[in-house]
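S.K.: Can you read through this structure? Questions will come right after.
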Amino acid sequence: MAHTQLIALRHTLVVVVLCLLTGTASLHAQQWHTTIEITYPPELDLPAQVSEVLLVNNTVAHPDAPLGAFYTLMAASEMLEGSYYLPAVLETSQNESSSLYIRQLLSERQADSLLSTYNSEALIVLNQLIVHPSSECYQTDNETYYAYTRCVAASHWTLYYHNDSAGALATQTLVYADTLYWENEGETWNDAVQALPSADEARSEMCIYVGEHFAERLLPQVETYDRYLYDLGEDDPGMQYFSRRQWQQAVDAWSAPHKNKKLTAYAEANCAVAYELLGDLGAAYAAAGAALNAFESLRSADARQQAVNIRYYMEQLRARMAR
């Protein structure tokens, strides 16, 4: 699913100008550091009208983890409770199969019945949960013992919801798989192994982990980025505008002609950050490219380092534009 970028995002928090990174002015660029937090839409975005969801157990109980599905659904419910969702959990399995490895999905009739019975707007159904821990311990070249436990999980889910006024039932089928590791090193075999979780503990923790991380896919994702601005001097109006969160005025000030290539490179790089905060990632990328060209035209070790920094920033911008 394609993500709308920056301006259409649900929330953007900017923390500006935290500190000045000092350097020798004649040799190295002085930079201001700031961070920005960007909230991206959920990977799995249910319709906007959905708030009351029912998490449904539709699994065949794992013989070694009979409460595994319960742990997974409760963990997912707790994650969703902190958002705009109002989750409930149907613990009793709806699955009448006897095989752990054969999925038996809800029919549309069953899904509609559950939606109506529990007055829910969407179902999040766990159809299958397979959890498998394994452990090993061996002696190292240093005469110590290294032990680890690995737990692999695979889960299968279906989302059901009505996506139009006519009441048509929409479905999404999803899978989530992951692996957890625990490791320890000790002087003896017992020292190494006893610090690891038991197989039952590993299964339980894995089931909770699956529920939490699946639920995260239904929630907005917040990412924090470091950003750096170049110090053009005490009388730089661009930085004054930027510190007041007046991004466009900062761009206008930094876009004025500058007396040398170094200040031009600094100003273009600063414009890129201001454009990013305005939500114009294309203009930010273009300004960063102009800064890169200006740095590459300078013959100094610091300019080469700044060019490396700008290339890295441009990679981050490309990644954001691709989301």
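If you're wondering about the labels, chains in the structure tokens are A, B, ... by order shown, residues count from 1 in each chain, ligands from 1 in order shown.
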With range 249-269 of chain A as the partner and 12 Å as the cut-off, tabulate the residues of range 148-232 of chain A that qualify, each row holding the nearest pair of atoms and their distance in Å to one decimal, using only C-alpha atoms, sorted by chain and rising number, as a Markdown table.

M.R.:
```
| residue | atom | partner | partner_atom | distance |
| --- | --- | --- | --- | --- |
| A:Arg227 | CA | A:Ala269 | CA | 10.4 |
| A:Tyr228 | CA | A:Ala269 | CA | 8.7 |
| A:Leu229 | CA | A:Ala269 | CA | 7.1 |
| A:Tyr230 | CA | A:Tyr266 | CA | 5.4 |
| A:Asp231 | CA | A:Tyr266 | CA | 7.6 |
| A:Leu232 | CA | A:Leu263 | CA | 6.7 |
```

S.K.: Per DSSP on the backbone, what are the alpha helix (DSSP H) residues of range 6-222 of chain A, as JSON, numbers by chain?

M.R.: {"A": [68, 69, 70, 71, 72, 73, 74, 75, 76, 77, 78, 79, 80, 81, 108, 109, 110, 111, 112, 113, 114, 115, 116, 117, 189, 190, 191, 192, 193, 194, 199, 200, 201, 202, 203, 204, 205, 206, 207, 208, 209, 210, 211, 212, 213, 214, 215, 216]}

S.K.: DSSP on the backbone: which residues in range 138-231 of chain A end up as strand (DSSP E or B)? Give the answer as a PDB file with N, CA and C atoms, in the first residue's frame.

M.R.:
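File out-v2.pdb, as written:
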```pdb
ATOM      1  N   TYR A 138      27.169 -25.482  23.118  1.00  0.00           N
ATOM      2  CA  TYR A 138      28.435 -26.110  22.707  1.00  0.00           C
ATOM      3  C   TYR A 138      29.605 -25.368  23.349  1.00  0.00           C
ATOM      4  N   GLN A 139      30.747 -26.045  23.361  1.00  0.00           N
ATOM      5  CA  GLN A 139      31.949 -25.482  23.973  1.00  0.00           C
ATOM      6  C   GLN A 139      32.675 -24.617  22.950  1.00  0.00           C
ATOM      7  N   TYR A 145      31.197 -22.175  27.571  1.00  0.00           N
ATOM      8  CA  TYR A 145      30.046 -22.798  26.919  1.00  0.00           C
ATOM      9  C   TYR A 145      29.088 -21.716  26.425  1.00  0.00           C
ATOM     10  N   TYR A 146      28.706 -21.861  25.179  1.00  0.00           N
ATOM     11  CA  TYR A 146      27.762 -20.920  24.556  1.00  0.00           C
ATOM     12  C   TYR A 146      26.453 -21.657  24.302  1.00  0.00           C
ATOM     13  N   ALA A 147      25.363 -21.073  24.780  1.00  0.00           N
ATOM     14  CA  ALA A 147      24.050 -21.693  24.606  1.00  0.00           C
ATOM     15  C   ALA A 147      23.085 -20.677  24.008  1.00  0.00           C
ATOM     16  N   TYR A 148      22.166 -21.167  23.231  1.00  0.00           N
ATOM     17  CA  TYR A 148      21.147 -20.278  22.681  1.00  0.00           C
ATOM     18  C   TYR A 148      19.830 -21.032  22.538  1.00  0.00           C
ATOM     19  N   THR A 149      18.765 -20.261  22.583  1.00  0.00           N
ATOM     20  CA  THR A 149      17.434 -20.768  22.264  1.00  0.00           C
ATOM     21  C   THR A 149      16.880 -19.915  21.134  1.00  0.00           C
ATOM     22  N   ARG A 150      16.361 -20.581  20.144  1.00  0.00           N
ATOM     23  CA  ARG A 150      15.725 -19.897  19.018  1.00  0.00           C
ATOM     24  C   ARG A 150      14.267 -20.325  18.975  1.00  0.00           C
ATOM     25  N   CYS A 151      13.379 -19.334  18.819  1.00  0.00           N
ATOM     26  CA  CYS A 151      11.954 -19.641  18.728  1.00  0.00           C
ATOM     27  C   CYS A 151      11.411 -19.030  17.439  1.00  0.00           C
ATOM     28  N   VAL A 152      10.860 -19.886  16.596  1.00  0.00           N
ATOM     29  CA  VAL A 152      10.301 -19.462  15.313  1.00  0.00           C
ATOM     30  C   VAL A 152       8.783 -19.496  15.409  1.00  0.00           C
ATOM     31  N   ALA A 153       8.135 -18.447  14.890  1.00  0.00           N
ATOM     32  CA  ALA A 153       6.674 -18.395  14.904  1.00  0.00           C
ATOM     33  C   ALA A 153       6.155 -18.028  13.525  1.00  0.00           C
ATOM     34  N   ALA A 154       5.034 -18.626  13.157  1.00  0.00           N
ATOM     35  CA  ALA A 154       4.322 -18.278  11.929  1.00  0.00           C
ATOM     36  C   ALA A 154       2.851 -18.110  12.284  1.00  0.00           C
ATOM     37  N   SER A 155       2.266 -17.031  11.829  1.00  0.00           N
ATOM     38  CA  SER A 155       0.853 -16.785  12.127  1.00  0.00           C
ATOM     39  C   SER A 155       0.121 -16.374  10.859  1.00  0.00           C
ATOM     40  N   HIS A 156      -1.160 -16.698  10.831  1.00  0.00           N
ATOM     41  CA  HIS A 156      -2.009 -16.393   9.673  1.00  0.00           C
ATOM     42  C   HIS A 156      -3.255 -15.679  10.185  1.00  0.00           C
ATOM     43  N   TRP A 157      -3.591 -14.550   9.569  1.00  0.00           N
ATOM     44  CA  TRP A 157      -4.675 -13.691  10.044  1.00  0.00           C
ATOM     45  C   TRP A 157      -5.601 -13.321   8.889  1.00  0.00           C
ATOM     46  N   THR A 158      -6.838 -12.984   9.238  1.00  0.00           N
ATOM     47  CA  THR A 158      -7.760 -12.395   8.268  1.00  0.00           C
ATOM     48  C   THR A 158      -8.470 -11.221   8.923  1.00  0.00           C
ATOM     49  N   LEU A 159      -8.556 -10.118   8.182  1.00  0.00           N
ATOM     50  CA  LEU A 159      -9.344  -8.964   8.613  1.00  0.00           C
ATOM     51  C   LEU A 159     -10.669  -8.979   7.854  1.00  0.00           C
ATOM     52  N   TYR A 160     -11.752  -8.748   8.579  1.00  0.00           N
ATOM     53  CA  TYR A 160     -13.083  -8.643   7.962  1.00  0.00           C
ATOM     54  C   TYR A 160     -13.689  -7.304   8.372  1.00  0.00           C
ATOM     55  N   TYR A 161     -14.283  -6.596   7.415  1.00  0.00           N
ATOM     56  CA  TYR A 161     -14.964  -5.347   7.733  1.00  0.00           C
ATOM     57  C   TYR A 161     -15.880  -4.981   6.582  1.00  0.00           C
ATOM     58  N   HIS A 162     -16.893  -4.169   6.889  1.00  0.00           N
ATOM     59  CA  HIS A 162     -17.794  -3.682   5.855  1.00  0.00           C
ATOM     60  C   HIS A 162     -17.198  -2.397   5.281  1.00  0.00           C
ATOM     61  N   LEU A 169     -18.911  -7.126   2.527  1.00  0.00           N
ATOM     62  CA  LEU A 169     -17.864  -7.552   3.445  1.00  0.00           C
ATOM     63  C   LEU A 169     -16.530  -7.617   2.708  1.00  0.00           C
ATOM     64  N   ALA A 170     -15.558  -6.877   3.207  1.00  0.00           N
ATOM     65  CA  ALA A 170     -14.211  -6.893   2.633  1.00  0.00           C
ATOM     66  C   ALA A 170     -13.315  -7.739   3.521  1.00  0.00           C
ATOM     67  N   THR A 171     -12.337  -8.390   2.908  1.00  0.00           N
ATOM     68  CA  THR A 171     -11.409  -9.225   3.667  1.00  0.00           C
ATOM     69  C   THR A 171      -9.984  -8.945   3.236  1.00  0.00           C
ATOM     70  N   GLN A 172      -9.066  -9.091   4.169  1.00  0.00           N
ATOM     71  CA  GLN A 172      -7.630  -9.063   3.888  1.00  0.00           C
ATOM     72  C   GLN A 172      -6.999 -10.256   4.595  1.00  0.00           C
ATOM     73  N   THR A 173      -6.243 -11.028   3.865  1.00  0.00           N
ATOM     74  CA  THR A 173      -5.533 -12.164   4.445  1.00  0.00           C
ATOM     75  C   THR A 173      -4.078 -11.790   4.636  1.00  0.00           C
ATOM     76  N   LEU A 174      -3.546 -12.055   5.832  1.00  0.00           N
ATOM     77  CA  LEU A 174      -2.221 -11.564   6.197  1.00  0.00           C
ATOM     78  C   LEU A 174      -1.429 -12.660   6.900  1.00  0.00           C
ATOM     79  N   VAL A 175      -0.134 -12.594   6.761  1.00  0.00           N
ATOM     80  CA  VAL A 175       0.740 -13.514   7.493  1.00  0.00           C
ATOM     81  C   VAL A 175       1.782 -12.699   8.246  1.00  0.00           C
ATOM     82  N   TYR A 176       2.188 -13.215   9.383  1.00  0.00           N
ATOM     83  CA  TYR A 176       3.272 -12.593  10.138  1.00  0.00           C
ATOM     84  C   TYR A 176       4.143 -13.704  10.694  1.00  0.00           C
ATOM     85  N   ALA A 177       5.423 -13.663  10.395  1.00  0.00           N
ATOM     86  CA  ALA A 177       6.380 -14.653  10.889  1.00  0.00           C
ATOM     87  C   ALA A 177       7.585 -13.923  11.464  1.00  0.00           C
ATOM     88  N   ASP A 178       8.184 -14.518  12.487  1.00  0.00           N
ATOM     89  CA  ASP A 178       9.348 -13.876  13.100  1.00  0.00           C
ATOM     90  C   ASP A 178      10.119 -14.915  13.913  1.00  0.00           C
ATOM     91  N   THR A 179      11.295 -14.493  14.365  1.00  0.00           N
ATOM     92  CA  THR A 179      12.167 -15.362  15.155  1.00  0.00           C
ATOM     93  C   THR A 179      12.740 -14.567  16.313  1.00  0.00           C
ATOM     94  N   LEU A 180      12.758 -15.176  17.477  1.00  0.00           N
ATOM     95  CA  LEU A 180      13.408 -14.583  18.650  1.00  0.00           C
ATOM     96  C   LEU A 180      14.581 -15.454  19.062  1.00  0.00           C
ATOM     97  N   TYR A 181      15.628 -14.789  19.551  1.00  0.00           N
ATOM     98  CA  TYR A 181      16.823 -15.495  20.028  1.00  0.00           C
ATOM     99  C   TYR A 181      17.121 -15.090  21.466  1.00  0.00           C
ATOM    100  N   TRP A 182      17.547 -16.072  22.259  1.00  0.00           N
ATOM    101  CA  TRP A 182      18.132 -15.819  23.573  1.00  0.00           C
ATOM    102  C   TRP A 182      19.502 -16.508  23.566  1.00  0.00           C
ATOM    103  N   GLU A 183      20.496 -15.882  24.146  1.00  0.00           N
ATOM    104  CA  GLU A 183      21.826 -16.500  24.159  1.00  0.00           C
ATOM    105  C   GLU A 183      22.528 -16.196  25.468  1.00  0.00           C
ATOM    106  N   ASN A 184      23.457 -17.059  25.825  1.00  0.00           N
ATOM    107  CA  ASN A 184      24.217 -16.861  27.059  1.00  0.00           C
ATOM    108  C   ASN A 184      25.514 -17.652  26.971  1.00  0.00           C
ATOM    109  N   GLU A 185      26.535 -17.164  27.672  1.00  0.00           N
ATOM    110  CA  GLU A 185      27.820 -17.838  27.730  1.00  0.00           C
ATOM    111  C   GLU A 185      28.203 -18.027  29.191  1.00  0.00           C
ATOM    112  N   GLY A 186      28.684 -19.193  29.530  1.00  0.00           N
ATOM    113  CA  GLY A 186      29.049 -19.469  30.910  1.00  0.00           C
ATOM    114  C   GLY A 186      30.269 -20.360  31.021  1.00  0.00           C
ATOM    115  N   GLN A 221       2.987   4.604  12.524  1.00  0.00           N
ATOM    116  CA  GLN A 221       4.383   4.348  12.870  1.00  0.00           C
ATOM    117  C   GLN A 221       5.145   5.667  12.983  1.00  0.00           C
ATOM    118  N   VAL A 222       5.807   5.863  14.110  1.00  0.00           N
ATOM    119  CA  VAL A 222       6.567   7.087  14.358  1.00  0.00           C
ATOM    120  C   VAL A 222       8.050   6.796  14.174  1.00  0.00           C
ATOM    121  N   GLU A 223       8.697   7.621  13.358  1.00  0.00           N
ATOM    122  CA  GLU A 223      10.139   7.485  13.161  1.00  0.00           C
ATOM    123  C   GLU A 223      10.807   8.829  13.428  1.00  0.00           C
ATOM    124  N   THR A 224      11.971   8.766  14.059  1.00  0.00           N
ATOM    125  CA  THR A 224      12.729   9.970  14.396  1.00  0.00           C
ATOM    126  C   THR A 224      13.945  10.067  13.493  1.00  0.00           C
ATOM    127  N   TYR A 225      14.183  11.254  12.962  1.00  0.00           N
ATOM    128  CA  TYR A 225      15.312  11.499  12.064  1.00  0.00           C
ATOM    129  C   TYR A 225      16.186  12.610  12.638  1.00  0.00           C
ATOM    130  N   ASP A 226      17.495  12.437  12.531  1.00  0.00           N
ATOM    131  CA  ASP A 226      18.434  13.512  12.861  1.00  0.00           C
ATOM    132  C   ASP A 226      18.610  14.398  11.641  1.00  0.00           C
ATOM    133  N   ARG A 227      18.632  15.692  11.875  1.00  0.00           N
ATOM    134  CA  ARG A 227      18.871  16.647  10.800  1.00  0.00           C
ATOM    135  C   ARG A 227      19.912  17.666  11.273  1.00  0.00           C
ATOM    136  N   TYR A 228      20.737  18.116  10.332  1.00  0.00           N
ATOM    137  CA  TYR A 228      21.822  19.044  10.661  1.00  0.00           C
ATOM    138  C   TYR A 228      21.732  20.257   9.750  1.00  0.00           C
ATOM    139  N   LEU A 229      21.937  21.430  10.353  1.00  0.00           N
ATOM    140  CA  LEU A 229      21.935  22.684   9.608  1.00  0.00           C
ATOM    141  C   LEU A 229      23.272  23.382   9.801  1.00  0.00           C
ATOM    142  N   TYR A 230      23.735  24.017   8.750  1.00  0.00           N
ATOM    143  CA  TYR A 230      25.044  24.668   8.780  1.00  0.00           C
ATOM    144  C   TYR A 230      24.909  26.087   9.318  1.00  0.00           C
TER     145      TYR A 230
END
```

S.K.: Neighbouring residues of Gln128 in chain A were defined as those with any atom within 9 Å, considering only C-alpha atoms; residues of the same chain fewer than 3 positions away were excluded. Please report them as a VMD selection string.

M.R.: chain A and resid 57 to 61 69 100 to 104 154 to 157

S.K.: Extract, using only C-alpha atoms, all DNA, RNA and protein residues at most 10 Å from range 115-119 of chain A, discarding same-chain residues fewer than 5 positions from it, and format them as a list in words.

M.R.: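 Within the cut-off, the hits are Glu52, Val53, Leu54, Ala88, Leu90, Arg109, Gln110, Tyr160, Tyr161 and His162 of chain A.
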
S.K.: For CA of Ala319 in chain A and CA of His33 in chain A, determine how far apart the two atoms are, in Å to one decimal place.

M.R.: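 Atom-to-atom, CA of Ala319 in chain A to CA of His33 in chain A, that is 20.9 Å.
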
S.K.: Give the answer as one residue: which of A:Ala192, A:Ile38, A:Ala322, A:Leu86 has the shortest atom-to-atom distance to Gly279 in chain A, using only C-alpha atoms?

M.R.: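 So, comparing all the options, the nearest one is A:Ile38.
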
S.K.: Need the shell around Gln248 in chain A: protein/DNA/RNA residues with any atom at most 10 Å away, counting only C-alpha atoms. Skip same-chain ones fewer than 4 positions apart. Format as a list in words?

M.R.: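 Answer for this query is Gly238, Tyr241, Phe242, Asp252, Ala253, Trp254, Cys271, Ala274, Tyr275, Leu277 and Leu278 of chain A.
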
S.K.: Please produce an output containing all heavy atoms for each residue in the selection, written as an mmCIF file, in the first residue's frame.

M.R.:
```
data_model
loop_
_atom_site.group_PDB
_atom_site.id
_atom_site.type_symbol
_atom_site.label_atom_id
_atom_site.label_comp_id
_atom_site.auth_asym_id
_atom_site.auth_seq_id
_atom_site.Cartn_x
_atom_site.Cartn_y
_atom_site.Cartn_z
ATOM 1 N N GLY A 238 18.200 33.297 8.014
ATOM 2 C CA GLY A 238 17.583 32.005 7.774
ATOM 3 C C GLY A 238 17.469 31.188 9.042
ATOM 4 O O GLY A 238 16.431 30.568 9.320
ATOM 5 N N TYR A 241 14.725 32.576 11.292
ATOM 6 C CA TYR A 241 13.396 32.118 10.870
ATOM 7 C C TYR A 241 13.192 30.642 11.221
ATOM 8 O O TYR A 241 12.120 30.245 11.691
ATOM 9 C CB TYR A 241 13.219 32.312 9.367
ATOM 10 C CG TYR A 241 13.019 33.744 8.939
ATOM 11 C CD1 TYR A 241 13.850 34.331 7.984
ATOM 12 C CD2 TYR A 241 11.985 34.504 9.470
ATOM 13 C CE1 TYR A 241 13.669 35.639 7.571
ATOM 14 C CE2 TYR A 241 11.787 35.830 9.062
ATOM 15 C CZ TYR A 241 12.636 36.391 8.116
ATOM 16 O OH TYR A 241 12.443 37.690 7.712
ATOM 17 N N PHE A 242 14.220 29.837 10.987
ATOM 18 C CA PHE A 242 14.110 28.406 11.230
ATOM 19 C C PHE A 242 13.832 28.125 12.700
ATOM 20 O O PHE A 242 13.002 27.271 13.030
ATOM 21 C CB PHE A 242 15.397 27.701 10.789
ATOM 22 C CG PHE A 242 15.304 26.203 10.785
ATOM 23 C CD1 PHE A 242 14.923 25.519 9.640
ATOM 24 C CD2 PHE A 242 15.582 25.475 11.925
ATOM 25 C CE1 PHE A 242 14.814 24.126 9.640
ATOM 26 C CE2 PHE A 242 15.491 24.086 11.930
ATOM 27 C CZ PHE A 242 15.095 23.417 10.784
ATOM 28 N N ASP A 252 13.500 31.306 1.906
ATOM 29 C CA ASP A 252 13.682 32.556 1.157
ATOM 30 C C ASP A 252 14.990 33.236 1.540
ATOM 31 O O ASP A 252 15.712 33.753 0.675
ATOM 32 C CB ASP A 252 12.502 33.496 1.412
ATOM 33 C CG ASP A 252 11.179 32.951 0.860
ATOM 34 O OD1 ASP A 252 11.236 32.062 -0.020
ATOM 35 O OD2 ASP A 252 10.110 33.404 1.316
ATOM 36 N N ALA A 253 15.293 33.222 2.840
ATOM 37 C CA ALA A 253 16.531 33.879 3.289
ATOM 38 C C ALA A 253 17.752 33.127 2.787
ATOM 39 O O ALA A 253 18.726 33.734 2.322
ATOM 40 C CB ALA A 253 16.539 33.977 4.817
ATOM 41 N N TRP A 254 17.733 31.806 2.868
ATOM 42 C CA TRP A 254 18.889 31.022 2.446
ATOM 43 C C TRP A 254 19.042 30.970 0.924
ATOM 44 O O TRP A 254 20.107 30.640 0.412
ATOM 45 C CB TRP A 254 18.790 29.607 3.013
ATOM 46 C CG TRP A 254 19.150 29.534 4.471
ATOM 47 C CD1 TRP A 254 20.128 30.235 5.112
ATOM 48 C CD2 TRP A 254 18.534 28.710 5.470
ATOM 49 N NE1 TRP A 254 20.177 29.909 6.439
ATOM 50 C CE2 TRP A 254 19.204 28.966 6.697
ATOM 51 C CE3 TRP A 254 17.503 27.782 5.450
ATOM 52 C CZ2 TRP A 254 18.867 28.338 7.886
ATOM 53 C CZ3 TRP A 254 17.152 27.142 6.637
ATOM 54 C CH2 TRP A 254 17.827 27.418 7.842
ATOM 55 N N CYS A 271 18.369 24.773 3.127
ATOM 56 C CA CYS A 271 17.099 24.853 2.399
ATOM 57 C C CYS A 271 16.462 23.473 2.289
ATOM 58 O O CYS A 271 15.239 23.334 2.388
ATOM 59 C CB CYS A 271 17.314 25.428 1.001
ATOM 60 S SG CYS A 271 17.466 27.223 0.940
ATOM 61 N N ALA A 274 14.612 22.704 5.450
ATOM 62 C CA ALA A 274 13.410 23.533 5.566
ATOM 63 C C ALA A 274 12.328 23.050 4.599
ATOM 64 O O ALA A 274 11.140 22.990 4.950
ATOM 65 C CB ALA A 274 13.756 24.998 5.310
ATOM 66 N N TYR A 275 12.719 22.707 3.372
ATOM 67 C CA TYR A 275 11.744 22.172 2.419
ATOM 68 C C TYR A 275 11.127 20.868 2.936
ATOM 69 O O TYR A 275 9.938 20.610 2.753
ATOM 70 C CB TYR A 275 12.401 21.905 1.068
ATOM 71 C CG TYR A 275 12.474 23.099 0.151
ATOM 72 C CD1 TYR A 275 13.688 23.482 -0.421
ATOM 73 C CD2 TYR A 275 11.331 23.830 -0.183
ATOM 74 C CE1 TYR A 275 13.769 24.573 -1.281
ATOM 75 C CE2 TYR A 275 11.396 24.917 -1.040
ATOM 76 C CZ TYR A 275 12.614 25.282 -1.589
ATOM 77 O OH TYR A 275 12.687 26.356 -2.450
ATOM 78 N N LEU A 277 10.601 20.054 5.997
ATOM 79 C CA LEU A 277 9.623 20.389 7.020
ATOM 80 C C LEU A 277 8.373 21.026 6.423
ATOM 81 O O LEU A 277 7.300 20.960 7.008
ATOM 82 C CB LEU A 277 10.257 21.319 8.054
ATOM 83 C CG LEU A 277 11.398 20.669 8.846
ATOM 84 C CD1 LEU A 277 12.086 21.682 9.734
ATOM 85 C CD2 LEU A 277 10.874 19.517 9.669
ATOM 86 N N LEU A 278 8.507 21.646 5.250
ATOM 87 C CA LEU A 278 7.339 22.170 4.544
ATOM 88 C C LEU A 278 6.545 21.061 3.868
ATOM 89 O O LEU A 278 5.435 21.289 3.385
ATOM 90 C CB LEU A 278 7.787 23.190 3.489
ATOM 91 C CG LEU A 278 8.191 24.574 4.001
ATOM 92 C CD1 LEU A 278 8.886 25.363 2.908
ATOM 93 C CD2 LEU A 278 6.968 25.335 4.508
#
```

S.K.: Please indicate the distance in Å from CA of Glu91 in chain A to CA of Phe70 in chain A, rounded to one decimal place.

M.R.: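 If I compute the distance from CA of Glu91 in chain A to CA of Phe70 in chain A, I get 6.3 Å.
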
S.K.: Can you write out as JSON lines which residues of range 48-142 of chain A fall within 7 Å of range 211-214 of chain A, alongside each residue's closest atom pair and its distance in Å to one decimal, counting only C-alpha atoms and ordering rows by chain and ascending residue number?

M.R.:
```
{"residue": "A:Thr72", "atom": "CA", "partner": "A:Gly211", "partner_atom": "CA", "distance": 4.2}
{"residue": "A:Leu73", "atom": "CA", "partner": "A:Gly211", "partner_atom": "CA", "distance": 5.8}
{"residue": "A:Ala75", "atom": "CA", "partner": "A:Gly211", "partner_atom": "CA", "distance": 5.0}
{"residue": "A:Ala76", "atom": "CA", "partner": "A:Gly211", "partner_atom": "CA", "distance": 4.4}
{"residue": "A:Met79", "atom": "CA", "partner": "A:Glu212", "partner_atom": "CA", "distance": 6.1}
```

S.K.: Rank A:Thr35, A:Ser297, A:Val210, A:Leu219 by their smallest atom-to-atom distance to Ser83 in chain A, using only C-alpha atoms, and report the top residue only.

M.R.: A:Leu219

S.K.: I'd like to know which of A:Ala122, A:Cys207, A:Val89, A:Ala272 is closest to Pro66 in chain A, using only C-alpha atoms.

M.R.: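 Ranked by minimum distance to Pro66 in chain A, first place goes to A:Cys207.
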